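Asker: Take a look at the following structure, please.
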Amino acid sequence: MRNRISVVGHENVQRSILKMVGDKDKAPGNGHADLGRRHQKAPFRSNAHPIAMDSARTALRLGALKVMVIYRRSEEEMPARKEEYHHAVQEGVEFHFLQNPVEILGNREGWVTGLTVQKMQLGEPDASGRRRPLPIAGQTYNVPADIVVVAIGNNPNPLIPAALPGLQTNKHGGIIADEETMETSVPGVFAGGDIVLGAATVILAMGQGRKAARAIHAWLMRTTETARN
Ligand SMILES: Cc1cc2nc3c(=O)[nH]c(=O)nc-3n(C[C@H](O)[C@H](O)[C@H](O)COP(=O)(O)OP(=O)(O)OC[C@H]3O[C@@H](n4cnc5c(N)ncnc54)[C@H](O)[C@@H]3O)c2cc1C
């Protein structure tokens, strides 16, 4: 059975799409059947961004037969690191520049069936210094797809601050924690990693985890001691 999967990169609006055509029957290993199911969503950040490269390569490794990155600007403006781009090409990802997804198509049952893609051209540089992509009037086409993965960026989940009165957050929604103990404004609640730092790295998250573990231990010893006395 042939499956077609798309991953859509957003930066508030749709900017890039990875279109993957997978073959469930030929896909090796576990988890590939998931590529054949509908409405699977997974985050990656922006248009042809490093995270888009990760997503494209991961999709291939999960058994997609074909992965296309559709990017609204040209190769030159692409924010992904050059080596990541080259690795993605080496691994078999196809890149299609100056194309922009404008609509996700679906059927009555709620299944994704494809995408409408707008052909683009480059205009004058915008505020970012990169040449602005402009639609070429009347030049759109449809790409069949069974699954669209929308990547909307790394934003803190507001659930915990909303459920925990008194938990202080910064203007981005990240949790404010003491730099040394990782304790938050709520006594006995500790936080670390991306939720405190913003989108950062594994090593920084692990470092904060270690700090928090030590502080949690000390906190527990203190409170247990107090309870005993
Ligand atoms: C595509 C991509 C590629 C990356 N590549 C790299 C890289 O090459 N090198 C690098 O160093 N970093 C990389 N990063 C960044 C790195 O993944 C993060 O910095 C790191 O994972 C942060 O760890 P964390 O434990 O703080 O958060 P996370 O790894 O995000 O873990 C948070 C966990 O909390 C869970 N959670 C959220 N809300 C709730 C809730 N209400 N209740 C219960 N659980 C909840 C989530 O499901 C998740 O499992 C990458 C990130 C992405 C998205």
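For the structure tokens, the naming scheme is as follows: chains receive sequential letters (A, B, ...) according to their order of presentation, residues are indexed from 1 within each chain, and ligands are indexed from 1 in presentation order.
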If you take only C-alpha atoms and all ligand atoms and a cut-off of 7 Å, which residues of chain A touch ligand 1, and what are their nearest atom pairs and distances in Å to one decimal, in chain and number order, as a Markdown table?

Answerer:
```
| residue | atom | partner | partner_atom_place_in_ligand_line | distance |
| --- | --- | --- | --- | --- |
| A:Pro43 | CA | ligand 1 | 53 (C) | 7.0 |
| A:Phe44 | CA | ligand 1 | 1 (C) | 5.6 |
| A:Ile51 | CA | ligand 1 | 1 (C) | 4.3 |
| A:Asp54 | CA | ligand 1 | 1 (C) | 5.6 |
| A:Ser55 | CA | ligand 1 | 1 (C) | 6.6 |
| A:Asn154 | CA | ligand 1 | 53 (C) | 7.0 |
| A:Asn157 | CA | ligand 1 | 38 (N) | 6.0 |
| A:Leu159 | CA | ligand 1 | 41 (N) | 5.8 |
| A:Ile160 | CA | ligand 1 | 41 (N) | 5.6 |
| A:Gly192 | CA | ligand 1 | 26 (O) | 6.1 |
| A:Gly193 | CA | ligand 1 | 26 (O) | 3.2 |
| A:Asp194 | CA | ligand 1 | 26 (O) | 3.9 |
| A:Ile195 | CA | ligand 1 | 26 (O) | 5.9 |
| A:Ala199 | CA | ligand 1 | 19 (O) | 5.6 |
| A:Ala200 | CA | ligand 1 | 19 (O) | 4.2 |
| A:Thr201 | CA | ligand 1 | 19 (O) | 3.4 |
| A:Val202 | CA | ligand 1 | 11 (O) | 3.9 |
| A:Ile203 | CA | ligand 1 | 11 (O) | 5.8 |
| A:Ala205 | CA | ligand 1 | 26 (O) | 4.9 |
```

Asker: Would you pick out the contacts of segment 161-178 of chain A at 7 Å or less, using only C-alpha atoms, so that residues sharing its chain but fewer than 6 positions from it are not included, and give the list as a ChimeraX atom specification?

Answerer: /A:184-186,191,195-196,198

Asker: DSSP on the backbone: what in segment 32-193 of chain A comes out alpha helix (DSSP H), as a list in words?

Answerer: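 Alpha helix (DSSP H) members of segment 32-193 of chain A, listed: Pro50, Ile51, Ala52, Met53, Asp54, Ser55, Ala56, Arg57, Thr58, Ala59, Leu60, Arg61, Lys82, Glu83, Glu84, Tyr85, His86, His87, Ala88, Val89, Gln90, Glu91, Leu159, Ile160, Pro161, Ala162 and Ala163 of chain A.
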
Asker: For the residues in that selection, give me N, CA and C atoms as a tab-separated table (two decimals), in the first residue's frame.

Answerer:
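So out_3.tsv came out as:
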```tsv
chain	number	residue	atom	x	y	z
A	50	PRO	N	17.00	24.13	10.49
A	50	PRO	CA	17.65	22.88	10.89
A	50	PRO	C	16.65	21.82	11.33
A	51	ILE	N	15.59	22.23	12.01
A	51	ILE	CA	14.63	21.25	12.50
A	51	ILE	C	13.87	20.61	11.33
A	52	ALA	N	13.68	21.38	10.28
A	52	ALA	CA	13.06	20.80	9.09
A	52	ALA	C	13.98	19.72	8.51
A	53	MET	N	15.30	19.97	8.59
A	53	MET	CA	16.24	18.97	8.08
A	53	MET	C	16.12	17.69	8.91
A	54	ASP	N	16.06	17.85	10.23
A	54	ASP	CA	15.89	16.68	11.12
A	54	ASP	C	14.63	15.93	10.76
A	55	SER	N	13.55	16.68	10.57
A	55	SER	CA	12.26	16.05	10.29
A	55	SER	C	12.31	15.28	8.98
A	56	ALA	N	12.91	15.88	7.97
A	56	ALA	CA	12.96	15.24	6.65
A	56	ALA	C	13.77	13.96	6.71
A	57	ARG	N	14.91	14.03	7.38
A	57	ARG	CA	15.78	12.86	7.44
A	57	ARG	C	15.16	11.76	8.29
A	58	THR	N	14.50	12.18	9.37
A	58	THR	CA	13.84	11.20	10.23
A	58	THR	C	12.73	10.50	9.46
A	59	ALA	N	12.00	11.28	8.67
A	59	ALA	CA	10.90	10.69	7.88
A	59	ALA	C	11.44	9.62	6.94
A	60	LEU	N	12.57	9.92	6.31
A	60	LEU	CA	13.17	8.92	5.41
A	60	LEU	C	13.54	7.67	6.19
A	61	ARG	N	14.14	7.88	7.36
A	61	ARG	CA	14.58	6.73	8.15
A	61	ARG	C	13.40	5.92	8.67
A	82	LYS	N	24.54	24.76	6.35
A	82	LYS	CA	24.91	24.15	5.06
A	82	LYS	C	25.14	22.65	5.19
A	83	GLU	N	25.85	22.26	6.27
A	83	GLU	CA	26.17	20.83	6.38
A	83	GLU	C	24.90	20.00	6.59
A	84	GLU	N	23.94	20.58	7.31
A	84	GLU	CA	22.70	19.83	7.52
A	84	GLU	C	21.95	19.66	6.20
A	85	TYR	N	21.97	20.73	5.42
A	85	TYR	CA	21.35	20.67	4.09
A	85	TYR	C	22.03	19.60	3.24
A	86	HIS	N	23.36	19.61	3.23
A	86	HIS	CA	24.07	18.63	2.41
A	86	HIS	C	23.82	17.21	2.90
A	87	HIS	N	23.79	17.05	4.22
A	87	HIS	CA	23.51	15.71	4.75
A	87	HIS	C	22.12	15.24	4.33
A	88	ALA	N	21.18	16.17	4.36
A	88	ALA	CA	19.80	15.81	3.97
A	88	ALA	C	19.78	15.40	2.49
A	89	VAL	N	20.48	16.15	1.66
A	89	VAL	CA	20.54	15.81	0.22
A	89	VAL	C	21.19	14.44	0.04
A	90	GLN	N	22.31	14.24	0.75
A	90	GLN	CA	23.01	12.94	0.65
A	90	GLN	C	22.10	11.79	1.05
A	91	GLU	N	21.27	12.05	2.04
A	91	GLU	CA	20.41	10.98	2.55
A	91	GLU	C	19.23	10.71	1.62
A	159	LEU	N	0.07	24.83	29.93
A	159	LEU	CA	-0.77	24.04	30.83
A	159	LEU	C	-0.32	24.13	32.29
A	160	ILE	N	0.96	23.92	32.52
A	160	ILE	CA	1.43	23.87	33.91
A	160	ILE	C	1.29	25.24	34.59
A	161	PRO	N	1.78	26.33	33.98
A	161	PRO	CA	1.56	27.63	34.64
A	161	PRO	C	0.08	27.93	34.86
A	162	ALA	N	-0.76	27.50	33.93
A	162	ALA	CA	-2.20	27.78	34.09
A	162	ALA	C	-2.79	26.98	35.26
A	163	ALA	N	-2.21	25.79	35.49
A	163	ALA	CA	-2.77	24.91	36.52
A	163	ALA	C	-2.13	25.14	37.88
```

Asker: As a PyMOL selection string, please: the residues near Trp219 of chain A (cut-off 10 Å, only C-alpha atoms, same-chain neighbours under 3 positions excluded).

Answerer: chain A and resi 181+183+187-188+213-216+222-225

Asker: Which residues are close to Thr116 of chain A, i.e. within 10 Å by only C-alpha atoms, leaving aside same-chain residues fewer than 6 positions away? Reply as a list in words.

Answerer: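 Near Thr116 of chain A, the qualifying residues are Asn100, Pro101, Val102, Glu103, Ile104, Leu105, Thr140, Tyr141, Asn142, Val143 and Pro144 of chain A.
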
Asker: Write the residues you've just listed into a file as a CSV table (one decimal), in the first residue's frame, and include N, CA and C atoms for each of them.

Answerer:
```csv
chain,number,residue,atom,x,y,z
A,100,ASN,N,5.7,27.7,-2.2
A,100,ASN,CA,5.1,28.0,-0.9
A,100,ASN,C,3.7,27.3,-0.7
A,101,PRO,N,3.6,26.5,0.4
A,101,PRO,CA,2.3,25.9,0.6
A,101,PRO,C,1.3,26.9,1.0
A,102,VAL,N,0.1,26.9,0.4
A,102,VAL,CA,-0.9,27.9,0.8
A,102,VAL,C,-2.2,27.2,1.3
A,103,GLU,N,-2.3,26.0,1.1
A,103,GLU,CA,-3.5,25.3,1.7
A,103,GLU,C,-3.3,23.8,1.9
A,104,ILE,N,-3.9,23.3,3.0
A,104,ILE,CA,-3.9,21.9,3.2
A,104,ILE,C,-5.2,21.4,2.7
A,105,LEU,N,-5.2,20.4,1.9
A,105,LEU,CA,-6.5,19.9,1.3
A,105,LEU,C,-6.9,18.6,2.1
A,140,THR,N,-0.2,27.9,-9.3
A,140,THR,CA,-0.3,27.0,-8.1
A,140,THR,C,-0.5,25.6,-8.7
A,141,TYR,N,-0.1,24.7,-7.8
A,141,TYR,CA,-0.4,23.3,-8.2
A,141,TYR,C,-0.7,22.5,-6.9
A,142,ASN,N,-1.3,21.3,-7.1
A,142,ASN,CA,-1.6,20.5,-5.9
A,142,ASN,C,-0.6,19.3,-5.8
A,143,VAL,N,-0.3,19.0,-4.6
A,143,VAL,CA,0.6,17.9,-4.3
A,143,VAL,C,-0.2,16.9,-3.4
A,144,PRO,N,-0.3,15.7,-3.9
A,144,PRO,CA,-1.0,14.7,-3.0
A,144,PRO,C,-0.3,14.4,-1.8
```

Asker: Which is closest to Pro133 of chain A among A:Arg81, A:His96, A:Lys119, A:Arg108, if we use only C-alpha atoms?

Answerer: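 So, comparing all the options, the nearest one is A:Lys119.
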
Asker: To one decimal in Å, tell me the separation between atom CA of Phe97 of chain A and atom CA of Tyr71 of chain A.

Answerer: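 Pair atom CA of Phe97 of chain A / atom CA of Tyr71 of chain A returns 4.9 Å.
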
Asker: Mind the document's chain letters and residue numbers, and return as a ChimeraX atom specification the residues of segment 105-188 of chain A that DSSP labels strand (DSSP E).

Answerer: /A:105-106,112-125,131-144,147-151

Asker: Would you put the residues from that selection into a file with N, CA and C atoms, as an mmCIF file, in the first residue's frame?

Answerer:
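To be explicit, this is the file written out as result21.cif:
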```
data_model
loop_
_atom_site.group_PDB
_atom_site.id
_atom_site.type_symbol
_atom_site.label_atom_id
_atom_site.label_comp_id
_atom_site.auth_asym_id
_atom_site.auth_seq_id
_atom_site.Cartn_x
_atom_site.Cartn_y
_atom_site.Cartn_z
ATOM 1 N N LEU A 105 -5.213 20.395 1.874
ATOM 2 C CA LEU A 105 -6.465 19.874 1.326
ATOM 3 C C LEU A 105 -6.905 18.637 2.111
ATOM 4 N N GLY A 106 -8.215 18.474 2.259
ATOM 5 C CA GLY A 106 -8.720 17.312 2.983
ATOM 6 C C GLY A 106 -10.011 16.811 2.370
ATOM 7 N N VAL A 112 -6.375 14.171 5.393
ATOM 8 C CA VAL A 112 -5.596 15.040 4.509
ATOM 9 C C VAL A 112 -5.420 14.349 3.168
ATOM 10 N N THR A 113 -5.598 15.113 2.115
ATOM 11 C CA THR A 113 -5.416 14.526 0.781
ATOM 12 C C THR A 113 -4.293 15.196 -0.004
ATOM 13 N N GLY A 114 -3.872 16.349 0.434
ATOM 14 C CA GLY A 114 -2.806 17.005 -0.317
ATOM 15 C C GLY A 114 -2.597 18.441 0.107
ATOM 16 N N LEU A 115 -1.839 19.132 -0.694
ATOM 17 C CA LEU A 115 -1.497 20.527 -0.417
ATOM 18 C C LEU A 115 -1.564 21.323 -1.712
ATOM 19 N N THR A 116 -1.927 22.579 -1.564
ATOM 20 C CA THR A 116 -1.809 23.466 -2.709
ATOM 21 C C THR A 116 -0.522 24.285 -2.538
ATOM 22 N N VAL A 117 0.263 24.296 -3.558
ATOM 23 C CA VAL A 117 1.562 24.961 -3.501
ATOM 24 C C VAL A 117 1.596 26.113 -4.507
ATOM 25 N N GLN A 118 2.091 27.237 -4.050
ATOM 26 C CA GLN A 118 2.183 28.445 -4.869
ATOM 27 C C GLN A 118 3.637 28.622 -5.335
ATOM 28 N N LYS A 119 3.822 28.860 -6.618
ATOM 29 C CA LYS A 119 5.182 29.138 -7.101
ATOM 30 C C LYS A 119 5.558 30.572 -6.759
ATOM 31 N N MET A 120 6.801 30.777 -6.403
ATOM 32 C CA MET A 120 7.265 32.073 -5.908
ATOM 33 C C MET A 120 8.433 32.607 -6.738
ATOM 34 N N GLN A 121 8.684 33.925 -6.578
ATOM 35 C CA GLN A 121 9.909 34.516 -7.112
ATOM 36 C C GLN A 121 10.463 35.454 -6.052
ATOM 37 N N LEU A 122 11.731 35.809 -6.167
ATOM 38 C CA LEU A 122 12.334 36.666 -5.149
ATOM 39 C C LEU A 122 12.228 38.137 -5.528
ATOM 40 N N GLY A 123 11.835 38.971 -4.529
ATOM 41 C CA GLY A 123 11.769 40.410 -4.743
ATOM 42 C C GLY A 123 12.905 41.108 -4.015
ATOM 43 N N GLU A 124 12.627 42.294 -3.525
ATOM 44 C CA GLU A 124 13.631 43.080 -2.800
ATOM 45 C C GLU A 124 13.847 42.476 -1.409
ATOM 46 N N PRO A 125 15.006 42.771 -0.788
ATOM 47 C CA PRO A 125 15.242 42.254 0.573
ATOM 48 C C PRO A 125 14.204 42.792 1.558
ATOM 49 N N ARG A 131 16.006 38.284 0.492
ATOM 50 C CA ARG A 131 15.078 38.712 -0.570
ATOM 51 C C ARG A 131 13.689 38.143 -0.302
ATOM 52 N N ARG A 132 12.711 39.012 -0.425
ATOM 53 C CA ARG A 132 11.332 38.647 -0.087
ATOM 54 C C ARG A 132 10.739 37.727 -1.157
ATOM 55 N N PRO A 133 10.143 36.611 -0.741
ATOM 56 C CA PRO A 133 9.500 35.748 -1.738
ATOM 57 C C PRO A 133 8.133 36.307 -2.137
ATOM 58 N N LEU A 134 7.870 36.371 -3.420
ATOM 59 C CA LEU A 134 6.601 36.923 -3.911
ATOM 60 C C LEU A 134 5.900 35.878 -4.769
ATOM 61 N N PRO A 135 4.592 35.732 -4.583
ATOM 62 C CA PRO A 135 3.877 34.735 -5.387
ATOM 63 C C PRO A 135 3.832 35.115 -6.863
ATOM 64 N N ILE A 136 3.940 34.124 -7.713
ATOM 65 C CA ILE A 136 3.762 34.352 -9.148
ATOM 66 C C ILE A 136 2.283 34.110 -9.447
ATOM 67 N N ALA A 137 1.610 35.163 -9.875
ATOM 68 C CA ALA A 137 0.149 35.103 -10.027
ATOM 69 C C ALA A 137 -0.275 33.917 -10.888
ATOM 70 N N GLY A 138 -1.252 33.190 -10.370
ATOM 71 C CA GLY A 138 -1.863 32.108 -11.154
ATOM 72 C C GLY A 138 -1.052 30.839 -11.226
ATOM 73 N N GLN A 139 0.064 30.783 -10.540
ATOM 74 C CA GLN A 139 0.903 29.579 -10.656
ATOM 75 C C GLN A 139 0.845 28.751 -9.370
ATOM 76 N N THR A 140 -0.164 27.941 -9.286
ATOM 77 C CA THR A 140 -0.275 27.026 -8.141
ATOM 78 C C THR A 140 -0.451 25.609 -8.676
ATOM 79 N N TYR A 141 -0.138 24.663 -7.824
ATOM 80 C CA TYR A 141 -0.382 23.272 -8.190
ATOM 81 C C TYR A 141 -0.669 22.470 -6.924
ATOM 82 N N ASN A 142 -1.282 21.333 -7.076
ATOM 83 C CA ASN A 142 -1.611 20.486 -5.923
ATOM 84 C C ASN A 142 -0.633 19.330 -5.808
ATOM 85 N N VAL A 143 -0.280 19.039 -4.568
ATOM 86 C CA VAL A 143 0.614 17.925 -4.274
ATOM 87 C C VAL A 143 -0.184 16.924 -3.442
ATOM 88 N N PRO A 144 -0.314 15.671 -3.864
ATOM 89 C CA PRO A 144 -1.042 14.701 -3.041
ATOM 90 C C PRO A 144 -0.279 14.357 -1.767
ATOM 91 N N ILE A 147 -0.640 12.586 4.952
ATOM 92 C CA ILE A 147 -0.399 13.063 6.320
ATOM 93 C C ILE A 147 0.335 14.395 6.229
ATOM 94 N N VAL A 148 -0.106 15.344 7.017
ATOM 95 C CA VAL A 148 0.602 16.631 7.092
ATOM 96 C C VAL A 148 1.075 16.815 8.524
ATOM 97 N N VAL A 149 2.334 17.028 8.676
ATOM 98 C CA VAL A 149 2.902 17.274 9.999
ATOM 99 C C VAL A 149 3.167 18.772 10.099
ATOM 100 N N VAL A 150 2.505 19.412 11.041
ATOM 101 C CA VAL A 150 2.634 20.870 11.152
ATOM 102 C C VAL A 150 3.695 21.210 12.194
ATOM 103 N N ALA A 151 4.628 22.004 11.805
ATOM 104 C CA ALA A 151 5.685 22.410 12.736
ATOM 105 C C ALA A 151 5.470 23.862 13.107
#
```
